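Below is one structure, written out as structure tokens; the observations come after it.
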Amino acid sequence: MESTTLRRRALAVGTATVAVGALAIAGLTGVASADPAATSAPPVSADSLSPGMLDALERDLGLDADAARGRIANEYRAAAVAAGLEKSLGASFAGARVSGAKAALTVATTDASEAARITDAGARAEVVGNSLDRLEGVKKTLDKAALNKAPKNVPVWYVDVASNKVVVNAASAAAGQAFLKAAGVDSSLVTVAESAEQPRALADIRGGDAYYMNGSGRCSVGFSVTRGTQGGFATAGHCGRVGTTTNGVNQQAQGTFQGSTFPGRDIAWVATNANWTPRPLVNGYGRGDVTVAGSTASVVGASVCRSGSTTGWHCGTIQQLNTSVTYPEGTISGVTRTSVCAEPGDSGGSYISGSQAQGVTSGGSGNCSSGGTTYFQPINPLLQAYGLTLVTSGGGTPTDPPTTPPTDSPGGTWAAGTAYAAGATVTYGGATYRCLQAHTAQPGWNPADAPALWQRV
């Protein structure tokens, strides 16, 4: 639910970055974005990428400095054009991705008559059999089945826009097929791939810095945020519960978790005391901090880098959006799957593309010696869930999220801020719902809109 909202509403790029002709064709002239959490992406100048990020892009993706700047600029343009085409193609839109060293954009559609529109916008057209809405409907059915009973030996499933299928990664073909049968989905829309992946949560104000929970355990800061006049930072939900106290990288008292959801989602924010000033920076680990300018979401295939307190800077590419992953603690939905490595202690840390915040590190498999797969929780839904504003180099823009959380008004016994145990029942909008996973309710995550947490009965 939240990643669909993010993808459908969050992409906005300034007209200085993308040719006006392409924007007009794509329906984006004037940079009309409906998402209050997205900000405009500036052009990439020669000095806009930190030395640390450039080093990581060269080490992990084989890009020299010029190639890195060029690729990220192209990825910004691709995000804007893809957003406009998604809007204009409507129900026939089947996903977008970038590929190659120059991040060439491919946009898929189920309607062959729309190929010319896509080509005229500067993208390669691909005609496929399944719309993105159809595939996401299949994935949503799998998500609901997993909440009723976590699948055995099935760690990950996602919509793969490149193959135009839902992909289920399983320890064996039999395990994958058993999951499909239990969910009752059309197997012709799904590819079962054997995988040895064993994802786990990576838990053990500047993005990427270490912090310590209740005097033990370490995670990483995601991004500096504010809520009204209160400063703090976004991070992963599995790092702490509401009321968990934190010490900063200097081991001095820092703050307290104000909101946390895990499993179901992996989101949290910490309010910090007056000794900590939120800065629009991500720790570059010895090669210069990276400045955060906004939160424009990148598309599949785009480069992305991560900063964490265990392994510092590492880069890779975005593989799939709106992924579901099962950790030992439960299933997490709406995360983005990447080829970036991470290790315990990196949890909660910053994912960033160029100057654009992408999300906070959730978990993964592998390590930074042999390589791995890591998942991040997108930043824009996190900001919206808690009514936070991302701290940026511009000091905030008219498109920042509201400083007060959204309200839910259909009526019933459900209430934000209440701690619900698994099995608890509430009413909302005239219907009764049963809690599937223990959590503290947050504004915007009402039972009707949070199938990862609630089931209608």
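Convention: chains lettered A, B, ... in structure tokens order; per-chain residue numbering from 1; ligands numbered from 1 as shown.
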For the interface of region 222-334 of chain A with region 151-170 of chain A (cut-off 7 Å, counting only C-alpha atoms), please tabulate each contacting residue of region 222-334 of chain A alongside its nearest pair of atoms and their separation in Å to one decimal, rows sorted by chain and increasing number, as JSON lines.
{"residue": "A:Gln320", "atom": "CA", "partner": "A:Asp160", "partner_atom": "CA", "distance": 6.2}
{"residue": "A:Asn322", "atom": "CA", "partner": "A:Tyr158", "partner_atom": "CA", "distance": 6.5}
{"residue": "A:Thr323", "atom": "CA", "partner": "A:Tyr158", "partner_atom": "CA", "distance": 4.5}
{"residue": "A:Ser324", "atom": "CA", "partner": "A:Trp157", "partner_atom": "CA", "distance": 5.5}
{"residue": "A:Val325", "atom": "CA", "partner": "A:Val156", "partner_atom": "CA", "distance": 4.5}
{"residue": "A:Thr326", "atom": "CA", "partner": "A:Pro155", "partner_atom": "CA", "distance": 5.0}
Any chance you can output those residues with C-alpha atoms as a PDB file, in the first residue's frame?
ATOM      1  CA  GLN A 320      12.804  -4.131  -7.034  1.00  0.00           C
ATOM      2  CA  ASN A 322       7.467  -2.902  -3.049  1.00  0.00           C
ATOM      3  CA  THR A 323       9.142  -6.123  -1.893  1.00  0.00           C
ATOM      4  CA  SER A 324       7.990  -8.379   0.935  1.00  0.00           C
ATOM      5  CA  VAL A 325      10.642 -10.131   3.020  1.00  0.00           C
ATOM      6  CA  THR A 326      10.288 -12.586   5.895  1.00  0.00           C
TER       7      THR A 326
END
- Message: Quick one: residues within 12 Å of Gly286 (chain A), only C-alpha atoms, excluding same-chain residues fewer than 2 positions away - as a VMD selection string?
- Response: chain A and resid 50 to 53 55 to 56 282 to 284 288 to 290 307 312 to 313
Quick one: which region 160-253 of chain A residues come within 12 Å of region 382-386 of chain A, and what is the nearest atom pair for each with the distance in Å to one decimal, counting only C-alpha atoms, rows ordered by chain and ascending number, as a tab-separated table?
residue	atom	partner	partner_atom	distance
A:Gly222	CA	A:Leu382	CA	11.0
A:Phe223	CA	A:Leu383	CA	10.3
A:Ser224	CA	A:Leu383	CA	10.9
A:Val225	CA	A:Leu383	CA	8.4
A:Thr226	CA	A:Leu383	CA	9.7
A:Arg227	CA	A:Tyr386	CA	8.4
A:Gly228	CA	A:Tyr386	CA	11.5
A:Gly232	CA	A:Tyr386	CA	11.8
A:Phe233	CA	A:Leu383	CA	10.3
A:Ala234	CA	A:Leu382	CA	7.8
A:Thr235	CA	A:Leu382	CA	9.1
A:Ala236	CA	A:Leu382	CA	9.7
A:Gly237	CA	A:Leu382	CA	10.3
- Test item, strand (DSSP E or B) assignment across region 177-217 of chain A, answer as a PyMOL selection string: chain A and resi 190-194+200-201+207+210-213
- Task: Give the helix (DSSP H, G or I) residues of region 42-242 of chain A, as assigned by DSSP on the backbone, as number ranges by chain.
- Result: A: 51-61, 65-92, 112-120, 132-148, 173-183, 187-189, 237-239
- Task: Could you give me, as a PyMOL selection string, the residues within 6 Å of region 334-338 of chain A, counting only C-alpha atoms and dropping anything in the same chain fewer than 2 positions from it?
- Result: chain A and resi 3+317-323+340+373-377
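Residue nearest Thr245 (chain A) within the list A:Gly364, A:Gly217, A:Gly184, A:Gly387: A:Gly217 [criterion: smallest interatomic distance, only C-alpha atoms].
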- Within 10 Å of Ala103 (chain A), counting only C-alpha atoms, which residues qualify if same-chain residues fewer than 3 places away don't, as a list in words? Gly70, Arg71, Ile72, Ala73, Asn74, Glu75, Tyr76, Arg77, Ala78, Arg97, Val98, Ser99, Gly100, Thr106, Gly301, Ala302 and Ser303 of chain A
- A straight line from CA of Gln358 (chain A) to CA of Leu54 (chain A) spans 17.5 Å
List every residue of region 295-401 of chain A that has an atom at most 8 Å from any atom of region 186-206 of chain A, and for each one report the closest atom pair and its distance in Å to one decimal, counting only C-alpha atoms, with rows sorted by chain and then by increasing residue number, as a tab-separated table.
residue	atom	partner	partner_atom	distance
A:Val325	CA	A:Pro199	CA	7.6
A:Thr326	CA	A:Pro199	CA	7.3
A:Tyr327	CA	A:Arg200	CA	5.1
A:Pro328	CA	A:Arg200	CA	6.8
A:Ala342	CA	A:Leu202	CA	7.7
A:Glu343	CA	A:Leu202	CA	6.0
A:Pro344	CA	A:Leu202	CA	4.1
A:Gly345	CA	A:Ala203	CA	5.0
A:Asp346	CA	A:Leu202	CA	6.3
A:Ser347	CA	A:Leu202	CA	4.9
A:Ser362	CA	A:Ala201	CA	6.2
A:Gly363	CA	A:Ala201	CA	4.2
A:Gly364	CA	A:Pro199	CA	4.3
A:Ser365	CA	A:Pro199	CA	4.4
A:Gly366	CA	A:Glu197	CA	8.0
- For the atom pair CA of Gly176 (chain A) and CA of Thr141 (chain A), what is the interatomic distance in Å to one decimal place?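 About the pair CA of Gly176 (chain A) and CA of Thr141 (chain A): they are 14.5 Å apart.
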- Skip Ala125 (chain A) itself and residues of its chain fewer than 6 positions away, then list as a VMD selection string all residues within 10 Å of it, counting only C-alpha atoms. chain A and resid 96 105 to 109 112 114 to 119
If you keep C-alpha atoms, can you produce a file of those selected residues as an mmCIF file, in the first residue's frame?
data_model
loop_
_atom_site.group_PDB
_atom_site.id
_atom_site.type_symbol
_atom_site.label_atom_id
_atom_site.label_comp_id
_atom_site.auth_asym_id
_atom_site.auth_seq_id
_atom_site.Cartn_x
_atom_site.Cartn_y
_atom_site.Cartn_z
ATOM 1 C CA ALA A 96 9.727 1.491 -15.435
ATOM 2 C CA LEU A 105 14.947 4.387 -19.322
ATOM 3 C CA THR A 106 12.534 1.623 -20.357
ATOM 4 C CA VAL A 107 8.801 2.038 -19.729
ATOM 5 C CA ALA A 108 6.430 -0.910 -20.191
ATOM 6 C CA THR A 109 2.778 -0.815 -21.224
ATOM 7 C CA ALA A 112 0.773 -1.254 -28.001
ATOM 8 C CA GLU A 114 0.907 3.805 -26.318
ATOM 9 C CA ALA A 115 4.408 2.886 -27.532
ATOM 10 C CA ALA A 116 4.732 6.106 -29.540
ATOM 11 C CA ARG A 117 3.860 8.203 -26.468
ATOM 12 C CA ILE A 118 6.631 6.480 -24.520
ATOM 13 C CA THR A 119 9.169 6.870 -27.327
#
- Query: Can you list, as an MDAnalysis selection string, every protein, DNA or RNA residue that comes within 9 Å of region 431-434 of chain A when you count only C-alpha atoms, leaving out same-chain residues fewer than 2 positions away?
  - Reply: chainID A and resid 412 422:429 436 447:448 453:457
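Restricting the calculation to only C-alpha atoms, the smallest distance between Gln356 (chain A) and any of A:Leu142, A:Ile332, A:Ala79, A:Gly248 is found for A:Ala79.
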